[in-house]
There are 2 protein chains.
Amino acid sequence: MDTMNTAGNVCIKALRDEERVELLASARSLDFRAGELVVKKGTSVNDLYLLQQGAVELLLGDQPSKQSLMLLFPGEIIGVNCAYSTMNYRFSAKALTDSRVLVINYHIFSAYLERNSEFSMAFIRYISTVNERFLDWHMKLAEKNSAGALAFLLCEFEKSYGQSTFELPLNRSDIARVIGFSKESVLKNMAHLRNEGIVESTGKQVKILDFGRLHDIANHG
Amino acid sequence: MDTMNTAGNVCIKALRDEERVELLASARSLDFRAGELVVKKGTSVNDLYLLQQGAVELLLGDQPSKQSLMLLFPGEIIGVNCAYSTMNYRFSAKALTDSRVLVINYHIFSAYLERNSEFSMAFIRYISTVNERFLDWHMKLAEKNSAGALAFLLCEFEKSYGQSTFELPLNRSDIARVIGFSKESVLKNMAHLRNEGIVESTGKQVKILDFGRLHDIANHG
DNA sequence: CGGAAGGGGTGTAATTTTACACCTTCGGGA
DNA sequence: TCCCGAAGGTGTAAAATTACACCCCTTCCG
């Protein structure tokens with residue numbers, strides 16, 4: 001959730017001015033409504049998608065119970081860490097909120113990678129950083145029980161928004177998918193947090209009342 | 001576990017002949033005994049390690065209950081997908097069996113990335129492929145119960161060794177860490193497989209007797 | 001305006017897994 | 001040669017989580 005200095009934005013800054021101008025001139029923005037697919041698994045990789053606004057969820061499968069890979073926020077290039085493995089996208093990406101995406105032509109982007117070594121090194125560093133944050137995220141979640149995982153997610157959102165009252169870009173089923181527990185687990189744990197006076201929640205609106213205890217649950221779950 | 005055409009070996013083939021000769025001339029092989037750390041979390045990134053022989057486990061933490069990231073086999077560059085995120089290694093790597101590693105100087109390697117665009121594109125593709133296989137592995141495991149996860153691991157090893165009798169490079173605690181269940185879960189499930197006549201096992205020696213049923217368990221766990 | 005669908009929620013029972021205790025065997029080191 | 005530690009193993013109980021059933025409310029569409 002920490003978008004500072006590791007975003008796709010930053011690696012694009014490694015382009016030369018004229019390259020950046022050319023890339024942005026050839027790019028176009030697209031808007032997606034909450035719930036729409038931004039990227040569909042199996043489609044061929046013609047474009048890269050830089051998220052400008054909103055929140056997007058990366059999903060592995062296309063089954064009803066799709067597995068959540070990660071949440072993406074403004075500045076990120078969607079699915080960047082696998083974009084060069086095959087010619088087809090191996091995951092889907094769904095807009096969690098209304099979102100705006102900058103569509104960047106893959107071939108133009110690749111041409112810059114081939115001829116601008118500073119840019120390709122910045123891109124390699126960017127991919128490495130995305131991987132590391134992905135591993136951190138999943139491994140932190142993997143070692144927690146359901147209460148800890150939910151608390152951890154709420155703490156991360158509070159940190160990201162920088163305030164204790166915020167609107168989650170996720171419904172309860174989304175939360176369940178992201179942290180890897182059932183919807184009922186999420187609902188029961190959320191009820192427990194409310195009953196204990198740790199949070200207030202009304203649908204997606206969340207207010208954290210006792211940050212210390214939430215952190216304790218997150219750390220020891 | 002599929003080492004075909006996605007290994008670090010293959011991306012190194014993208015180097016020009018004289019670059020490859022120079023890289024290999026400056027590299028040296030190191031041997032590690034089973035149980036030794038090949039890479040220790042926190043050490044600075046001066047070298048990359050190409051696994052030539054044996055099996056290595058990538059671990060996230062340095063706690064006693066370290067979390068398993070992935071298993072690595074000959075041809076892989078250890079921890080390649082995060083090697084360019086920071087100046088220190090963010091994970092440890094432990095030799096599961098006696099292993100031989102080619103130690104490649106990071107700065108020489110990076111210099112080739114900067115001046116040989118064909119090589120850097122091959123490297124980007126290699127990292128993407130490593131990421132994708134990592135995601136596939138973890139997401140397949142994540143959706144299985146303990147019986148399914150153990151069966152899946154055994155099936156993958158059978159596929160990798162190409163025969164139904166093989167020696168696991170893992171003891172029961174290692175297996176537990178890799179698939180994310182307790183040691184007793186692994187032991188109980190292994191006993192069940194033996195009692196059902198699906199496998200024979202003596203320590204690390206495993207023989208698969210009923211591949212169809214093992215696959216069924218792997219697929220429906 | 002009514003019905004359907006989606007989302008939030010609760011309760012109970014079943015299943016899965018861990019925790020804990022303890023055992024046996026084997027290999028290595030003193 | 002003996003002892004200790006590591007590894008493989010089993011049993012029982014507790015804890016965690018899911019499965020399932022069902023409810024209520026709100027919003028949207030016909």
# chains A, B, ... in the order shown; residues from 1 in each chain; ligands from 1
call {"tool": "interface_residues", "arguments": {"of": "chain A", "to": "chain C", "cutoff": "10 Å", "atoms": "only C-alpha atoms (C1' of nucleotides)", "output": "MDAnalysis selection string"}}
result
chainID A and resid 171:173 184 187:188 191 202:203
call {"tool": "write_last_selection", "arguments": {"atoms": "all heavy atoms", "output": "PDB file, in the first residue's frame"}}
result
ATOM      1  N   ASN A 171     -15.904  -4.636  -0.609  1.00  0.00           N
ATOM      2  CA  ASN A 171     -17.011  -5.132   0.208  1.00  0.00           C
ATOM      3  C   ASN A 171     -16.528  -6.349   0.984  1.00  0.00           C
ATOM      4  O   ASN A 171     -15.357  -6.720   0.895  1.00  0.00           O
ATOM      5  CB  ASN A 171     -18.252  -5.408  -0.660  1.00  0.00           C
ATOM      6  CG  ASN A 171     -18.046  -6.531  -1.650  1.00  0.00           C
ATOM      7  OD1 ASN A 171     -17.178  -7.384  -1.468  1.00  0.00           O
ATOM      8  ND2 ASN A 171     -18.841  -6.544  -2.707  1.00  0.00           N
ATOM      9  N   ARG A 172     -17.409  -6.959   1.744  1.00  0.00           N
ATOM     10  CA  ARG A 172     -16.962  -8.039   2.634  1.00  0.00           C
ATOM     11  C   ARG A 172     -16.476  -9.252   1.842  1.00  0.00           C
ATOM     12  O   ARG A 172     -15.514  -9.907   2.271  1.00  0.00           O
ATOM     13  CB  ARG A 172     -18.107  -8.463   3.575  1.00  0.00           C
ATOM     14  CG  ARG A 172     -18.625  -7.380   4.502  1.00  0.00           C
ATOM     15  CD  ARG A 172     -17.581  -6.756   5.365  1.00  0.00           C
ATOM     16  NE  ARG A 172     -18.195  -5.872   6.382  1.00  0.00           N
ATOM     17  CZ  ARG A 172     -18.085  -4.557   6.367  1.00  0.00           C
ATOM     18  NH1 ARG A 172     -17.433  -3.944   5.384  1.00  0.00           N
ATOM     19  NH2 ARG A 172     -18.606  -3.840   7.338  1.00  0.00           N
ATOM     20  N   SER A 173     -17.096  -9.523   0.705  1.00  0.00           N
ATOM     21  CA  SER A 173     -16.605 -10.644  -0.106  1.00  0.00           C
ATOM     22  C   SER A 173     -15.229 -10.343  -0.681  1.00  0.00           C
ATOM     23  O   SER A 173     -14.376 -11.228  -0.770  1.00  0.00           O
ATOM     24  CB  SER A 173     -17.576 -10.960  -1.248  1.00  0.00           C
ATOM     25  OG  SER A 173     -18.787 -11.412  -0.727  1.00  0.00           O
ATOM     26  N   GLU A 184     -17.969 -15.196   5.893  1.00  0.00           N
ATOM     27  CA  GLU A 184     -18.511 -15.258   7.250  1.00  0.00           C
ATOM     28  C   GLU A 184     -17.427 -15.011   8.301  1.00  0.00           C
ATOM     29  O   GLU A 184     -17.682 -14.398   9.335  1.00  0.00           O
ATOM     30  CB  GLU A 184     -19.206 -16.605   7.498  1.00  0.00           C
ATOM     31  CG  GLU A 184     -20.503 -16.776   6.738  1.00  0.00           C
ATOM     32  CD  GLU A 184     -20.289 -17.317   5.329  1.00  0.00           C
ATOM     33  OE1 GLU A 184     -19.124 -17.360   4.846  1.00  0.00           O
ATOM     34  OE2 GLU A 184     -21.284 -17.688   4.699  1.00  0.00           O
ATOM     35  N   LEU A 187     -17.023 -11.314   8.391  1.00  0.00           N
ATOM     36  CA  LEU A 187     -18.174 -10.699   9.055  1.00  0.00           C
ATOM     37  C   LEU A 187     -18.134 -10.926  10.569  1.00  0.00           C
ATOM     38  O   LEU A 187     -18.398 -10.000  11.348  1.00  0.00           O
ATOM     39  CB  LEU A 187     -19.476 -11.254   8.463  1.00  0.00           C
ATOM     40  CG  LEU A 187     -19.789 -10.749   7.050  1.00  0.00           C
ATOM     41  CD1 LEU A 187     -20.780 -11.662   6.337  1.00  0.00           C
ATOM     42  CD2 LEU A 187     -20.346  -9.329   7.086  1.00  0.00           C
ATOM     43  N   LYS A 188     -17.775 -12.135  10.979  1.00  0.00           N
ATOM     44  CA  LYS A 188     -17.713 -12.433  12.413  1.00  0.00           C
ATOM     45  C   LYS A 188     -16.594 -11.641  13.088  1.00  0.00           C
ATOM     46  O   LYS A 188     -16.767 -11.102  14.188  1.00  0.00           O
ATOM     47  CB  LYS A 188     -17.482 -13.928  12.641  1.00  0.00           C
ATOM     48  CG  LYS A 188     -18.680 -14.820  12.314  1.00  0.00           C
ATOM     49  CD  LYS A 188     -18.351 -16.276  12.637  1.00  0.00           C
ATOM     50  CE  LYS A 188     -18.932 -17.262  11.644  1.00  0.00           C
ATOM     51  NZ  LYS A 188     -20.374 -17.500  11.843  1.00  0.00           N
ATOM     52  N   ALA A 191     -17.570  -8.029  13.329  1.00  0.00           N
ATOM     53  CA  ALA A 191     -18.531  -7.851  14.428  1.00  0.00           C
ATOM     54  C   ALA A 191     -17.802  -7.837  15.769  1.00  0.00           C
ATOM     55  O   ALA A 191     -18.134  -7.042  16.662  1.00  0.00           O
ATOM     56  CB  ALA A 191     -19.562  -8.980  14.400  1.00  0.00           C
ATOM     57  N   THR A 202     -19.826   0.964   9.076  1.00  0.00           N
ATOM     58  CA  THR A 202     -21.117   1.002   8.403  1.00  0.00           C
ATOM     59  C   THR A 202     -20.826   0.700   6.942  1.00  0.00           C
ATOM     60  O   THR A 202     -20.388   1.594   6.209  1.00  0.00           O
ATOM     61  CB  THR A 202     -21.771   2.394   8.525  1.00  0.00           C
ATOM     62  OG1 THR A 202     -21.660   2.839   9.869  1.00  0.00           O
ATOM     63  CG2 THR A 202     -23.219   2.349   8.096  1.00  0.00           C
ATOM     64  N   GLY A 203     -21.021  -0.558   6.574  1.00  0.00           N
ATOM     65  CA  GLY A 203     -20.687  -0.907   5.205  1.00  0.00           C
ATOM     66  C   GLY A 203     -19.204  -0.674   4.980  1.00  0.00           C
ATOM     67  O   GLY A 203     -18.363  -1.088   5.777  1.00  0.00           O
TER      68      GLY A 203
END
call {"tool": "residues_around", "arguments": {"residues": "A:Lys207", "least_positions_apart": "2", "cutoff": "8 Å", "atoms": "only C-alpha atoms (C1' of nucleotides)", "output": "JSON list (two decimals) with N, CA, C and O atoms, in the first residue's frame"}}
result
[["chain", "number", "residue", "atom", "x", "y", "z"],
["A", 164, "SER", "N", -7.94, 7.98, 10.47],
["A", 164, "SER", "CA", -8.57, 6.83, 11.10],
["A", 164, "SER", "C", -10.00, 6.60, 10.63],
["A", 164, "SER", "O", -10.64, 5.63, 11.03],
["A", 165, "THR", "N", -10.51, 7.50, 9.82],
["A", 165, "THR", "CA", -11.82, 7.30, 9.20],
["A", 165, "THR", "C", -11.64, 7.25, 7.70],
["A", 165, "THR", "O", -11.06, 8.17, 7.12],
["A", 166, "PHE", "N", -12.08, 6.16, 7.10],
["A", 166, "PHE", "CA", -11.89, 6.03, 5.66],
["A", 166, "PHE", "C", -12.94, 5.12, 5.07],
["A", 166, "PHE", "O", -13.68, 4.45, 5.81],
["A", 199, "VAL", "N", -13.34, -0.80, 16.43],
["A", 199, "VAL", "CA", -13.70, -0.03, 15.23],
["A", 199, "VAL", "C", -15.20, 0.26, 15.25],
["A", 199, "VAL", "O", -15.98, -0.37, 15.98],
["A", 200, "GLU", "N", -15.56, 1.23, 14.42],
["A", 200, "GLU", "CA", -16.94, 1.44, 14.03],
["A", 200, "GLU", "C", -17.00, 1.16, 12.54],
["A", 200, "GLU", "O", -16.09, 1.56, 11.81],
["A", 201, "SER", "N", -18.06, 0.49, 12.09],
["A", 201, "SER", "CA", -18.16, 0.30, 10.65],
["A", 201, "SER", "C", -19.62, 0.35, 10.21],
["A", 201, "SER", "O", -20.51, -0.10, 10.92],
["A", 205, "GLN", "N", -17.65, 2.15, 5.12],
["A", 205, "GLN", "CA", -17.13, 3.23, 5.96],
["A", 205, "GLN", "C", -16.56, 2.63, 7.24],
["A", 205, "GLN", "O", -17.24, 1.88, 7.93],
["A", 209, "LEU", "N", -11.18, 3.10, 16.23],
["A", 209, "LEU", "CA", -11.32, 3.76, 17.53],
["A", 209, "LEU", "C", -10.12, 3.48, 18.43],
["A", 209, "LEU", "O", -9.69, 4.33, 19.19]]
call {"tool": "interface_residues", "arguments": {"of": "chain A", "to": "chain B", "cutoff": "7 Å", "atoms": "only C-alpha atoms", "output": "mmCIF file with N, CA and C atoms, in the first residue's frame"}}
result
data_model
loop_
_atom_site.group_PDB
_atom_site.id
_atom_site.type_symbol
_atom_site.label_atom_id
_atom_site.label_comp_id
_atom_site.auth_asym_id
_atom_site.auth_seq_id
_atom_site.Cartn_x
_atom_site.Cartn_y
_atom_site.Cartn_z
ATOM 1 N N ASN A 81 4.667 -7.331 -12.986
ATOM 2 C CA ASN A 81 5.717 -8.311 -12.701
ATOM 3 C C ASN A 81 5.619 -9.589 -13.534
ATOM 4 N N CYS A 82 4.533 -9.748 -14.263
ATOM 5 C CA CYS A 82 4.459 -10.888 -15.180
ATOM 6 C C CYS A 82 4.264 -10.468 -16.625
ATOM 7 N N ALA A 83 4.338 -9.177 -16.880
ATOM 8 C CA ALA A 83 3.951 -8.673 -18.190
ATOM 9 C C ALA A 83 4.862 -9.170 -19.309
ATOM 10 N N TYR A 84 6.076 -9.596 -18.947
ATOM 11 C CA TYR A 84 6.997 -10.032 -19.980
ATOM 12 C C TYR A 84 7.212 -11.538 -20.003
ATOM 13 N N SER A 85 6.285 -12.279 -19.392
ATOM 14 C CA SER A 85 6.507 -13.728 -19.388
ATOM 15 C C SER A 85 5.920 -14.393 -20.632
ATOM 16 N N GLU A 114 14.517 -1.354 -24.861
ATOM 17 C CA GLU A 114 15.641 -1.870 -25.620
ATOM 18 C C GLU A 114 16.688 -0.827 -25.939
ATOM 19 N N ARG A 115 16.224 0.441 -26.053
ATOM 20 C CA ARG A 115 17.242 1.404 -26.476
ATOM 21 C C ARG A 115 17.662 2.380 -25.395
ATOM 22 N N SER A 117 19.049 2.231 -21.770
ATOM 23 C CA SER A 117 19.478 1.297 -20.718
ATOM 24 C C SER A 117 19.170 1.839 -19.323
ATOM 25 N N MET A 121 17.042 -0.371 -16.679
ATOM 26 C CA MET A 121 17.499 -0.642 -15.312
ATOM 27 C C MET A 121 16.472 -0.153 -14.291
ATOM 28 N N ILE A 124 13.745 -2.714 -14.249
ATOM 29 C CA ILE A 124 14.152 -3.922 -13.521
ATOM 30 C C ILE A 124 14.064 -3.673 -12.018
ATOM 31 N N ARG A 125 14.512 -2.493 -11.580
ATOM 32 C CA ARG A 125 14.415 -2.169 -10.157
ATOM 33 C C ARG A 125 12.949 -2.071 -9.734
ATOM 34 N N SER A 128 11.519 -5.533 -9.388
ATOM 35 C CA SER A 128 12.053 -6.165 -8.181
ATOM 36 C C SER A 128 11.334 -5.652 -6.947
ATOM 37 N N THR A 129 11.085 -4.354 -6.918
ATOM 38 C CA THR A 129 10.427 -3.754 -5.761
ATOM 39 C C THR A 129 8.976 -4.202 -5.659
ATOM 40 N N ASN A 131 7.857 -7.046 -6.704
ATOM 41 C CA ASN A 131 7.923 -8.427 -6.225
ATOM 42 C C ASN A 131 8.121 -8.489 -4.729
ATOM 43 N N GLU A 132 9.035 -7.663 -4.250
ATOM 44 C CA GLU A 132 9.345 -7.691 -2.830
ATOM 45 C C GLU A 132 8.141 -7.277 -1.991
#
call {"tool": "interface_residues", "arguments": {"of": "chain D", "to": "chain A", "cutoff": "12 Å", "atoms": "only C-alpha atoms (C1' of nucleotides)", "output": "number ranges by chain"}}
result
D: 15-20, 25-26
call {"tool": "atom_distance", "arguments": {"atom1": "atom CA of A:Lys204", "atom2": "atom CA of A:Gly8"}}
result
27.9 Å
call {"tool": "select_by_dssp", "arguments": {"residues": "stretch 53-121 of chain B", "states": "alpha helix (DSSP H)", "output": "list in words"}}
result
Tyr106, His107, Ile108, Phe109, Ser110, Ala111, Tyr112, Leu113, Glu114, Arg115, Ser117, Glu118, Phe119, Ser120 and Met121 of chain B
call {"tool": "atom_distance", "arguments": {"atom1": "atom CA of B:Lys41", "atom2": "atom CA of B:Asn88"}}
result
7.5 Å
call {"tool": "atom_distance", "arguments": {"atom1": "atom CA of A:Gly79", "atom2": "atom CA of B:Tyr106"}}
result
26.5 Å
call {"tool": "closest_residue", "arguments": {"among": "B:Ala151, B:Ala218, B:Val39, B:Met87", "to": "B:Arg194", "atoms": "only C-alpha atoms"}}
result
B:Ala151
call {"tool": "select_by_dssp", "arguments": {"residues": "stretch 60-208 of chain A", "states": "strand (DSSP E or B)", "output": "PyMOL selection string"}}
result
chain A and resi 68-72+77+88+92-95+99-105+165-167+199-202+205-208
call {"tool": "closest_residue", "arguments": {"among": "B:Lys94, B:Arg177, B:Arg20, B:His107", "to": "B:Asp47", "atoms": "only C-alpha atoms"}}
result
B:His107
